[in-house]
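target.cif follows; it contains mmCIF, C-alpha atoms.
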data_data
#
loop_
_atom_site.label_atom_id
_atom_site.label_comp_id
_atom_site.auth_asym_id
_atom_site.auth_seq_id
_atom_site.Cartn_x
_atom_site.Cartn_y
_atom_site.Cartn_z
CA MET A 21 -32.08 13.18 -15.49
CA ARG A 22 -29.00 13.43 -17.72
CA ARG A 23 -26.59 12.36 -15.03
CA PHE A 24 -28.46 9.06 -14.62
CA ILE A 25 -28.26 8.15 -18.32
CA TRP A 26 -24.65 6.88 -18.39
CA PRO A 27 -24.87 4.93 -15.09
CA THR A 28 -28.07 3.29 -16.36
CA ILE A 29 -26.43 2.33 -19.65
CA ALA A 30 -23.36 0.99 -17.82
CA LEU A 31 -25.52 -1.08 -15.45
CA ALA A 32 -27.51 -2.49 -18.39
CA LEU A 33 -24.29 -3.51 -20.15
CA VAL A 34 -22.94 -5.18 -16.99
CA ILE A 35 -26.18 -7.14 -16.55
CA ALA A 36 -26.25 -8.20 -20.21
CA TYR A 37 -22.51 -9.04 -20.39
CA PRO A 38 -22.84 -12.85 -19.99
CA LEU A 39 -25.55 -12.90 -22.66
CA LEU A 40 -23.53 -10.81 -25.11
CA PHE A 41 -20.34 -12.83 -24.53
CA SER A 42 -21.48 -16.40 -24.00
CA THR A 43 -18.11 -18.20 -24.19
CA PRO A 44 -17.06 -19.94 -20.94
CA PHE A 45 -13.76 -18.03 -20.79
CA LEU A 46 -15.38 -14.60 -21.06
CA GLN A 47 -18.12 -15.49 -18.57
CA ARG A 48 -15.50 -16.67 -16.08
CA LEU A 49 -13.48 -13.51 -16.76
CA GLY A 50 -16.52 -11.34 -16.04
CA ALA A 51 -17.19 -13.22 -12.78
CA LEU A 52 -13.57 -12.74 -11.66
CA VAL A 53 -13.74 -9.01 -12.41
CA LEU A 54 -16.82 -8.67 -10.19
CA LEU A 55 -15.29 -10.85 -7.46
CA TYR A 56 -12.13 -8.79 -7.21
CA ALA A 57 -14.17 -5.59 -7.49
CA ILE A 58 -15.96 -6.67 -4.28
CA ALA A 59 -12.64 -7.19 -2.49
CA ALA A 60 -11.16 -3.93 -3.82
CA SER A 61 -14.32 -1.98 -2.89
CA ALA A 62 -14.10 -3.40 0.63
CA TRP A 63 -10.42 -2.35 0.86
CA ASN A 64 -11.37 1.09 -0.49
CA ILE A 65 -13.34 1.86 2.68
CA VAL A 66 -10.24 1.92 4.84
CA GLY A 67 -7.53 2.45 2.21
CA GLY A 68 -9.28 4.99 0.00
CA TYR A 69 -11.61 6.95 2.25
CA ALA A 70 -9.56 6.76 5.47
CA GLY A 71 -6.15 6.81 3.79
CA GLN A 72 -4.90 3.82 5.82
CA VAL A 73 -3.05 1.71 3.25
CA SER A 74 -3.46 -1.85 4.49
CA VAL A 75 -1.34 -4.52 2.79
CA GLY A 76 -2.63 -7.22 5.11
CA HIS A 77 -6.26 -7.37 4.02
CA VAL A 78 -5.63 -10.89 2.81
CA VAL A 79 -6.11 -11.95 6.45
CA PHE A 80 -9.83 -11.17 6.18
CA PHE A 81 -10.03 -12.61 2.67
CA GLY A 82 -8.57 -15.87 3.96
CA CYS A 83 -10.89 -15.93 6.99
CA GLY A 84 -13.92 -15.94 4.70
CA ALA A 85 -12.43 -18.55 2.38
CA TYR A 86 -11.40 -20.94 5.17
CA ALA A 87 -14.66 -20.51 7.11
CA SER A 88 -16.76 -21.51 4.10
CA MET A 89 -14.60 -24.55 3.30
CA ALA A 90 -14.37 -25.58 6.98
CA ALA A 91 -18.17 -25.58 7.25
CA TYR A 92 -18.25 -28.33 4.63
CA THR A 93 -15.08 -30.23 5.61
CA HIS A 94 -15.73 -30.51 9.34
CA PHE A 95 -19.52 -30.28 9.62
CA ALA A 96 -20.78 -31.33 6.14
CA LEU A 97 -22.72 -28.05 5.97
CA PRO A 98 -23.12 -25.95 2.83
CA PRO A 99 -20.15 -23.57 2.41
CA LEU A 100 -22.68 -20.74 2.42
CA VAL A 101 -23.15 -21.32 6.17
CA GLY A 102 -19.52 -20.38 6.75
CA ILE A 103 -19.98 -16.80 5.49
CA PRO A 104 -21.36 -15.37 8.78
CA VAL A 105 -18.62 -17.20 10.69
CA GLY A 106 -15.97 -15.69 8.42
CA ILE A 107 -17.47 -12.21 8.83
CA ALA A 108 -17.53 -12.55 12.63
CA ALA A 109 -13.93 -13.83 12.73
CA SER A 110 -12.73 -11.05 10.41
CA VAL A 111 -14.45 -8.29 12.37
CA LEU A 112 -13.03 -9.69 15.62
CA ILE A 113 -9.50 -9.87 14.20
CA ALA A 114 -9.86 -6.34 12.80
CA ALA A 115 -10.93 -5.07 16.21
CA VAL A 116 -8.00 -6.80 17.95
CA ILE A 117 -5.24 -5.77 15.53
CA GLY A 118 -6.83 -2.43 14.63
CA VAL A 119 -6.50 -0.88 18.09
CA PRO A 120 -2.65 -0.96 18.12
CA THR A 121 -1.93 -0.73 14.37
CA LEU A 122 -4.30 2.14 13.53
CA ARG A 123 -2.28 4.32 15.91
CA LEU A 124 0.46 4.10 13.28
CA SER A 125 0.39 6.05 10.04
CA GLY A 126 1.91 5.91 6.58
CA HIS A 127 4.30 3.09 5.77
CA TYR A 128 4.50 2.06 9.44
CA PHE A 129 0.84 0.99 9.33
CA SER A 130 1.40 -0.84 6.02
CA MET A 131 4.41 -2.71 7.44
CA ALA A 132 2.44 -3.72 10.53
CA THR A 133 -0.39 -5.17 8.43
CA ILE A 134 2.11 -7.13 6.30
CA ALA A 135 3.61 -8.61 9.47
CA VAL A 136 0.17 -9.66 10.74
CA ALA A 137 -0.72 -11.22 7.38
CA GLU A 138 2.48 -13.27 7.24
CA LEU A 139 2.05 -14.38 10.85
CA VAL A 140 -1.49 -15.62 10.17
CA ARG A 141 -0.34 -17.43 7.00
CA LEU A 142 2.37 -19.28 8.95
CA ILE A 143 -0.09 -20.24 11.68
CA VAL A 144 -2.60 -21.61 9.16
CA THR A 145 0.14 -23.46 7.26
CA ASN A 146 1.04 -25.34 10.45
CA THR A 147 -2.49 -26.02 11.71
CA GLU A 148 -3.69 -29.53 10.85
CA HIS A 149 -7.32 -28.68 11.61
CA LEU A 150 -7.21 -26.16 8.77
CA GLY A 151 -5.57 -28.57 6.34
CA ALA A 152 -2.04 -27.26 6.98
CA ALA A 153 -0.14 -26.72 3.72
CA VAL A 154 -2.64 -28.85 1.76
CA GLY A 155 -5.68 -26.69 2.46
CA LEU A 156 -9.39 -27.45 2.49
CA SER A 157 -11.73 -28.52 -0.31
CA GLY A 158 -15.42 -27.97 -0.92
CA PRO A 159 -18.04 -30.40 -2.23
CA THR A 160 -16.94 -32.09 -5.45
CA VAL A 161 -20.56 -32.74 -6.44
CA PRO A 162 -23.24 -30.18 -5.53
CA ARG A 163 -25.76 -31.62 -3.06
CA THR A 164 -28.12 -28.64 -2.98
CA VAL A 165 -28.16 -25.16 -4.48
CA LEU A 166 -26.84 -23.86 -1.13
CA ASP A 167 -23.46 -25.44 -1.95
CA LEU A 168 -23.10 -22.79 -4.67
CA SER A 169 -21.14 -25.27 -6.75
CA PHE A 170 -21.92 -24.65 -10.42
CA THR A 171 -20.30 -25.99 -13.58
CA SER A 172 -20.93 -22.72 -15.42
CA ALA A 173 -19.61 -19.28 -14.48
CA LEU A 174 -22.96 -17.67 -15.31
CA PRO A 175 -24.60 -18.19 -11.85
CA TYR A 176 -21.43 -16.94 -10.17
CA TYR A 177 -21.49 -13.82 -12.35
CA TYR A 178 -24.94 -12.76 -11.23
CA LEU A 179 -24.28 -13.78 -7.63
CA PHE A 180 -21.11 -11.67 -7.54
CA LEU A 181 -22.93 -8.80 -9.25
CA SER A 182 -25.59 -8.83 -6.53
CA VAL A 183 -22.98 -8.82 -3.76
CA LEU A 184 -21.04 -6.04 -5.51
CA LEU A 185 -24.15 -3.86 -5.72
CA ILE A 186 -24.76 -4.40 -2.00
CA THR A 187 -21.11 -3.54 -1.26
CA LEU A 188 -21.30 -0.38 -3.37
CA GLY A 189 -24.59 0.53 -1.67
CA ILE A 190 -22.98 0.20 1.77
CA THR A 191 -19.99 2.25 0.60
CA TRP A 192 -22.26 4.95 -0.85
CA TRP A 193 -24.21 5.12 2.39
CA MET A 194 -20.99 5.39 4.38
CA GLU A 195 -19.57 8.00 2.00
CA ASN A 196 -22.59 10.28 2.49
CA SER A 197 -22.91 9.72 6.23
CA ARG A 198 -21.12 11.46 9.09
CA MET A 199 -18.65 8.60 9.14
CA GLY A 200 -17.68 9.31 5.53
CA PHE A 201 -17.07 12.99 6.26
CA TYR A 202 -14.95 12.06 9.28
CA LEU A 203 -12.90 9.60 7.23
CA ARG A 204 -12.17 12.11 4.47
CA ALA A 205 -11.18 14.70 7.04
CA ILE A 206 -8.88 12.17 8.74
CA ARG A 207 -7.34 11.24 5.39
CA ASP A 208 -6.57 14.90 4.57
CA SER A 209 -5.21 15.75 8.03
CA GLU A 210 -5.82 13.63 11.10
CA ARG A 211 -4.48 16.31 13.42
CA ALA A 212 -6.85 18.92 12.00
CA ALA A 213 -9.76 16.47 12.17
CA ARG A 214 -9.04 15.76 15.83
CA SER A 215 -8.84 19.46 16.60
CA LEU A 216 -12.32 19.91 15.12
CA GLY A 217 -13.74 17.16 17.32
CA ALA A 218 -13.71 14.18 14.95
CA PRO A 219 -13.26 10.86 16.84
CA ALA A 220 -10.38 9.74 14.63
CA SER A 221 -9.35 6.52 16.38
CA ARG A 222 -12.90 5.21 16.75
CA THR A 223 -13.90 6.14 13.19
CA LYS A 224 -10.85 4.45 11.67
CA LEU A 225 -11.50 1.34 13.73
CA TYR A 226 -15.14 1.17 12.58
CA ALA A 227 -14.03 1.58 8.97
CA PHE A 228 -11.41 -1.14 9.42
CA MET A 229 -13.97 -3.55 10.88
CA LEU A 230 -16.53 -2.81 8.14
CA SER A 231 -13.88 -3.29 5.47
CA ALA A 232 -12.77 -6.58 7.07
CA GLY A 233 -16.30 -8.01 7.11
CA LEU A 234 -16.90 -7.21 3.43
CA THR A 235 -13.48 -8.56 2.43
CA SER A 236 -14.25 -11.87 4.14
CA VAL A 237 -17.40 -12.18 1.99
CA ALA A 238 -15.21 -11.83 -1.12
CA GLY A 239 -12.91 -14.56 0.21
CA ALA A 240 -15.83 -16.92 0.85
CA LEU A 241 -17.18 -16.37 -2.67
CA TYR A 242 -13.71 -17.01 -4.10
CA ALA A 243 -13.42 -20.33 -2.25
CA MET A 244 -16.91 -21.44 -3.31
CA MET A 245 -16.21 -20.63 -6.95
CA PHE A 246 -12.91 -22.55 -7.05
CA GLY A 247 -13.97 -25.19 -4.50
CA PHE A 248 -10.62 -25.12 -2.76
CA VAL A 249 -8.41 -22.95 -0.56
CA ASP A 250 -4.85 -23.33 0.73
CA PRO A 251 -2.50 -20.95 2.60
CA GLU A 252 -1.19 -19.41 -0.62
CA SER A 253 -4.54 -18.82 -2.34
CA GLY A 254 -6.20 -17.75 0.90
CA PHE A 255 -3.45 -15.83 2.70
CA GLY A 256 -0.86 -15.08 0.00
CA ILE A 257 0.39 -11.49 0.25
CA LEU A 258 0.00 -11.11 -3.54
CA ILE A 259 -3.79 -11.04 -3.06
CA SER A 260 -3.49 -7.96 -0.84
CA VAL A 261 -1.21 -6.30 -3.37
CA LYS A 262 -3.62 -7.08 -6.19
CA ILE A 263 -6.60 -5.65 -4.29
CA LEU A 264 -4.64 -2.51 -3.39
CA ILE A 265 -3.49 -1.89 -6.95
CA MET A 266 -7.02 -2.33 -8.35
CA ALA A 267 -8.37 0.36 -6.04
CA ALA A 268 -5.43 2.70 -6.68
CA LEU A 269 -5.52 2.14 -10.44
CA GLY A 270 -9.22 2.93 -10.76
CA GLY A 271 -9.28 5.64 -8.11
CA ALA A 272 -8.93 5.09 -4.35
CA GLY A 273 -11.55 7.01 -2.40
CA LEU A 274 -14.00 6.96 -5.31
CA LEU A 275 -17.10 4.77 -5.33
CA PHE A 276 -16.52 3.11 -8.71
CA GLY A 277 -12.72 3.33 -8.70
CA PRO A 278 -12.13 -0.29 -7.56
CA LEU A 279 -14.52 -1.60 -10.22
CA VAL A 280 -12.65 0.27 -12.97
CA GLY A 281 -9.32 -1.02 -11.66
CA ALA A 282 -10.59 -4.62 -11.52
CA ALA A 283 -11.99 -4.31 -15.06
CA ILE A 284 -8.49 -3.43 -16.28
CA LEU A 285 -6.20 -5.54 -14.13
CA VAL A 286 -8.08 -8.88 -14.06
CA PRO A 287 -8.37 -9.27 -17.87
CA LEU A 288 -4.73 -8.20 -18.21
CA GLU A 289 -3.62 -10.89 -15.77
CA GLU A 290 -5.89 -13.62 -17.18
CA VAL A 291 -4.92 -12.96 -20.81
CA SER A 292 -1.19 -12.90 -20.00
CA ASN A 293 -1.50 -16.16 -18.02
CA ASN A 294 -3.36 -17.85 -20.89
CA LEU A 295 -0.89 -16.66 -23.51
CA LEU A 296 2.28 -17.42 -21.57
CA GLY A 297 1.10 -20.36 -19.45
CA GLY A 298 3.46 -21.29 -16.63
CA LYS A 299 6.17 -19.02 -18.05
CA GLY A 300 4.08 -15.96 -17.18
CA ALA A 301 3.93 -16.62 -13.43
CA GLY A 302 6.65 -14.11 -12.63
CA LEU A 303 5.29 -11.58 -15.12
CA THR A 304 2.47 -10.79 -12.70
CA PHE A 305 4.91 -9.25 -10.22
CA VAL A 306 6.55 -7.21 -12.99
CA VAL A 307 3.16 -5.88 -14.17
CA TYR A 308 2.08 -4.99 -10.63
CA GLY A 309 5.36 -3.20 -9.96
CA ALA A 310 5.13 -1.25 -13.22
CA ILE A 311 1.54 -0.21 -12.48
CA ILE A 312 2.51 1.03 -9.00
CA VAL A 313 5.33 3.14 -10.47
CA LEU A 314 3.13 4.58 -13.23
CA ILE A 315 0.30 5.45 -10.85
CA ALA A 316 2.64 7.08 -8.34
CA ARG A 317 4.46 9.05 -11.02
CA PHE A 318 1.76 10.19 -13.43
CA GLN A 319 -1.72 9.76 -11.92
CA PRO A 320 -1.86 9.28 -8.12
CA GLY A 321 -5.62 9.87 -8.16
CA GLY A 322 -6.31 6.93 -10.48
CA ILE A 323 -8.00 6.62 -13.85
CA LEU A 324 -11.41 7.88 -12.72
CA THR A 325 -9.86 11.07 -11.37
CA LEU A 326 -8.20 11.63 -14.74
CA ILE A 327 -11.48 10.99 -16.58
CA ASN A 328 -13.38 13.36 -14.28
CA ARG A 329 -10.76 16.05 -14.81
CA LEU A 330 -10.84 15.71 -18.60
CA TRP A 331 -14.66 15.69 -18.57
CA ALA A 332 -14.80 18.83 -16.43
CA ARG A 333 -12.30 20.55 -18.75
CA ARG A 334 -14.37 19.57 -21.79
CA ARG A 335 -17.54 20.97 -20.25
CA LYS A 336 -15.78 24.16 -19.21
CA ALA A 337 -14.30 24.85 -22.68
CA PRO A 338 -17.62 25.72 -24.47
CA GLU A 339 -18.61 27.97 -21.55
CA THR A 340 -15.30 29.85 -21.81
CA VAL A 341 -15.74 30.26 -25.56
CA ALA A 342 -19.29 31.52 -25.08
CA GLU A 343 -18.21 34.06 -22.48
CA GLY A 344 -15.36 35.32 -24.67
CA ALA A 345 -17.44 35.68 -27.83
CA PRO A 346 -18.13 39.30 -28.91
CA HIS A 347 -21.68 40.54 -28.35
CA ALA A 348 -23.66 41.76 -31.29
CA PRO A 349 -24.22 45.54 -31.27
#

Step by step, read the file and then write its structure as structure tokens.
Amino acid sequence: MRRFIWPTIALALVIAYPLLFSTPFLQRLGALVLLYAIAASAWNIVGGYAGQVSVGHVVFFGCGAYASMAAYTHFALPPLVGIPVGIAASVLIAAVIGVPTLRLSGHYFSMATIAVAELVRLIVTNTEHLGAAVGLSGPTVPRTVLDLSFTSALPYYYLFLSVLLITLGITWWMENSRMGFYLRAIRDSERAARSLGAPASRTKLYAFMLSAGLTSVAGALYAMMFGFVDPESGFGILISVKILIMAALGGAGLLFGPLVGAAILVPLEEVSNNLLGGKGAGLTFVVYGAIIVLIARFQPGGILTLINRLWARRRKAPETVAEGAPHAP
């Protein structure tokens, strides 16, 4: 029972957060942390567990965002209706681009995903049906609750929390299934995994498609919260970089790593933007670059790996002392 105490306390604090910190800024900050934790957890499936570092996941994020806004703009439907469309489009795109790109490895795969992301952004920017460079907007005044257009961040907080729990549940199921074992084996050594009979290409493709579908949900929620999406906010490469760093900072390949990374990076970005205003726009790139260097140099496994290591060392120390103590005659 002891190992369930801390997760239960953490979950209780997350649920009670908007009630403990009732200011609009802190509630919005909490909602953004959960939103980006969803996107980073989705990326973690292919980037953390499979070891395929995608820098083009913003394609799926943008698909979800544009599908939800297009449902309202072109058909006067609630943006919520666009979520399944965004998921279907993202999974289809992942299947199409995953077959050739997942044959690559290392930085070659990352470069290919960047190229795809930039190509999609240019196409959307020049497509009038998708608003071109102006983008698409959602309902200015909520018609029904299905529009998910709220003046307070509190409903978004609990909505994002529910979606995050579902995402973590799916990731946990995958992690403990045969697919999860295959992915970890592929990440450690794809050649060895293939020699033992693991269907590497198919497993990576399934992980890529699952990750794409969940990322599109995060994009749709982002668009509904802000009520607007354009090529930069929907397909900007900085979104992919942000998602990647959150997972790596907290611990890629760990269930709660992306959540820890989002809980650190999002407040850091929001506070710096509020303190510096427009002058801090370029600071974001500097912070991201510094975090990448620090992670790569000192803690490649992320913060959770460091915490687990220190915790294991602390638990081992009393046992070592007890074993080395002299026995009474």

Self-check item: Selection result of the PyMOL selection byres ((chain A and resi 251-261) around 7) on this file, as a ChimeraX atom specification
Solution: /A:75-79,81-82,85,141,144-145,153,155,249-250,262-265

How would the residues just chosen look if you wrote them out with C-alpha atoms as a compact mmCIF listing (two decimals), in the coordinates of the input?
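out-v2.txt, written as the output of this step:
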# COMPACT_ATOMS: atom_id res chain seq x y z
CA VAL A 75 -1.34 -4.52 2.79
CA GLY A 76 -2.63 -7.22 5.11
CA HIS A 77 -6.26 -7.37 4.02
CA VAL A 78 -5.63 -10.89 2.81
CA VAL A 79 -6.11 -11.95 6.45
CA PHE A 81 -10.03 -12.61 2.67
CA GLY A 82 -8.57 -15.87 3.96
CA ALA A 85 -12.43 -18.55 2.38
CA ARG A 141 -0.34 -17.43 7.00
CA VAL A 144 -2.60 -21.61 9.16
CA THR A 145 0.14 -23.46 7.26
CA ALA A 153 -0.14 -26.72 3.72
CA GLY A 155 -5.68 -26.69 2.46
CA VAL A 249 -8.41 -22.95 -0.56
CA ASP A 250 -4.85 -23.33 0.73
CA LYS A 262 -3.62 -7.08 -6.19
CA ILE A 263 -6.60 -5.65 -4.29
CA LEU A 264 -4.64 -2.51 -3.39
CA ILE A 265 -3.49 -1.89 -6.95

Quiz item: Closest to Ala51 (chain A) among A:Leu112, A:Ile312, A:Ala218, A:Val286, using only C-alpha atoms?
Solution: A:Val286

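Interatomic distance, CA of Leu330 (chain A) to CA of Thr28 (chain A): 21.4 Å.
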
Practice problem: Could you check which of A:Ala220, A:Leu142, A:Leu241, A:Val34 is closest to Met199 (chain A), using all atoms listed in the file? | Solution: A:Ala220

Quiz item: Can you list, as a list in words, every protein, DNA or RNA residue that comes within 7 Å of Ile58 (chain A) when you count all atoms listed in the file, leaving out same-chain residues fewer than 3 positions away?
Solution: Leu54, Leu55, Ser61, Ala62, Leu184, Thr187 and Ala238 of chain A

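Against this structure, the PyMOL selection byres ((chain A and resi 200-216) around 10) ends up with Ile65, Val66, Gly67, Gly68, Tyr69, Ala70, Gly71, Gln72, Ser125, Thr191, Trp192, Trp193, Met194, Glu195, Asn196, Ser197, Arg198, Met199, Gly217, Ala218, Pro219, Ala220, Ser221, Thr223, Lys224, Ala227 and Gly273 of chain A.
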
Give me a file of those residues, with C-alpha atoms, as a compact mmCIF listing (two decimals), keeping the file's coordinate frame.
# COMPACT_ATOMS: atom_id res chain seq x y z
CA ILE A 65 -13.34 1.86 2.68
CA VAL A 66 -10.24 1.92 4.84
CA GLY A 67 -7.53 2.45 2.21
CA GLY A 68 -9.28 4.99 0.00
CA TYR A 69 -11.61 6.95 2.25
CA ALA A 70 -9.56 6.76 5.47
CA GLY A 71 -6.15 6.81 3.79
CA GLN A 72 -4.90 3.82 5.82
CA SER A 125 0.39 6.05 10.04
CA THR A 191 -19.99 2.25 0.60
CA TRP A 192 -22.26 4.95 -0.85
CA TRP A 193 -24.21 5.12 2.39
CA MET A 194 -20.99 5.39 4.38
CA GLU A 195 -19.57 8.00 2.00
CA ASN A 196 -22.59 10.28 2.49
CA SER A 197 -22.91 9.72 6.23
CA ARG A 198 -21.12 11.46 9.09
CA MET A 199 -18.65 8.60 9.14
CA GLY A 217 -13.74 17.16 17.32
CA ALA A 218 -13.71 14.18 14.95
CA PRO A 219 -13.26 10.86 16.84
CA ALA A 220 -10.38 9.74 14.63
CA SER A 221 -9.35 6.52 16.38
CA THR A 223 -13.90 6.14 13.19
CA LYS A 224 -10.85 4.45 11.67
CA ALA A 227 -14.03 1.58 8.97
CA GLY A 273 -11.55 7.01 -2.40

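You can rank A:Leu288, A:Ala240, A:Ser74, A:His127 by their closest distance to Ala114 (chain A) using all atoms listed in the file, and at the top of that list sits A:Ser74.
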
Could you make a table, as a tab-separated table, of the residues of region 228-307 of chain A that have an atom within 12 Å of an atom of region 47-50 of chain A, each with its nearest atom pair and distance in Å to one decimal, counting all atoms listed in the file, in chain and number order?
residue	atom	partner	partner_atom	distance
A:Met245	CA	A:Arg48	CA	10.0
A:Phe246	CA	A:Arg48	CA	11.1
A:Leu279	CA	A:Gly50	CA	11.5
A:Ala282	CA	A:Gly50	CA	10.0
A:Ala283	CA	A:Gly50	CA	8.4
A:Ile284	CA	A:Leu49	CA	11.3
A:Leu285	CA	A:Leu49	CA	11.1
A:Val286	CA	A:Leu49	CA	7.6
A:Pro287	CA	A:Leu49	CA	6.7
A:Leu288	CA	A:Leu49	CA	10.3
A:Glu289	CA	A:Leu49	CA	10.3
A:Glu290	CA	A:Leu49	CA	7.6
A:Val291	CA	A:Leu49	CA	9.5
A:Asn294	CA	A:Leu49	CA	11.8

Write to file, as an mmCIF file, in the frame of the given file, the residues of the selection just made, with C-alpha atoms.
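Wrote it out as part.cif, contents follow:
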data_model
loop_
_atom_site.group_PDB
_atom_site.id
_atom_site.type_symbol
_atom_site.label_atom_id
_atom_site.label_comp_id
_atom_site.auth_asym_id
_atom_site.auth_seq_id
_atom_site.Cartn_x
_atom_site.Cartn_y
_atom_site.Cartn_z
ATOM 1 C CA MET A 245 -16.210 -20.630 -6.950
ATOM 2 C CA PHE A 246 -12.910 -22.550 -7.050
ATOM 3 C CA LEU A 279 -14.520 -1.600 -10.220
ATOM 4 C CA ALA A 282 -10.590 -4.620 -11.520
ATOM 5 C CA ALA A 283 -11.990 -4.310 -15.060
ATOM 6 C CA ILE A 284 -8.490 -3.430 -16.280
ATOM 7 C CA LEU A 285 -6.200 -5.540 -14.130
ATOM 8 C CA VAL A 286 -8.080 -8.880 -14.060
ATOM 9 C CA PRO A 287 -8.370 -9.270 -17.870
ATOM 10 C CA LEU A 288 -4.730 -8.200 -18.210
ATOM 11 C CA GLU A 289 -3.620 -10.890 -15.770
ATOM 12 C CA GLU A 290 -5.890 -13.620 -17.180
ATOM 13 C CA VAL A 291 -4.920 -12.960 -20.810
ATOM 14 C CA ASN A 294 -3.360 -17.850 -20.890
#

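Pairwise distance (CA of Asn64 (chain A), CA of Leu230 (chain A)) equals 10.8 Å.
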
Quiz prompt | Selection result of the PyMOL selection byres ((chain A and resi 103) around 8) on this file, as a ChimeraX atom specification | solution = /A:84,87-88,99-102,104-107,236-237,240

Exercise. Find the distance between CA of Tyr56 (chain A) and CA of Leu181 (chain A) and write it in Å to one decimal.
Key: 11.0 Å

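Using only C-alpha atoms, the nearest neighbour of Pro278 (chain A) within the list A:Ile323, A:Ala32, A:Val73, A:Met266 is A:Met266.
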
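With distances restricted to only C-alpha atoms, A:Val307 is the closest residue to Asn293 (chain A) from A:Val307, A:Met131, A:Val154, A:Ala90.
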
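Proximity ranking of A:Arg334, A:Thr325, A:Ser172, A:Ser231 relative to Phe45 (chain A) places A:Ser172 first, based on all atoms listed in the file.
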
Exercise. Show which residues sit within 6 Å of Ala267 (chain A), as an MDAnalysis selection string. Count only C-alpha atoms, and ignore same-chain residues fewer than 2 positions away.
Key: chainID A and resid 60 264:265 269:272 277:278 281
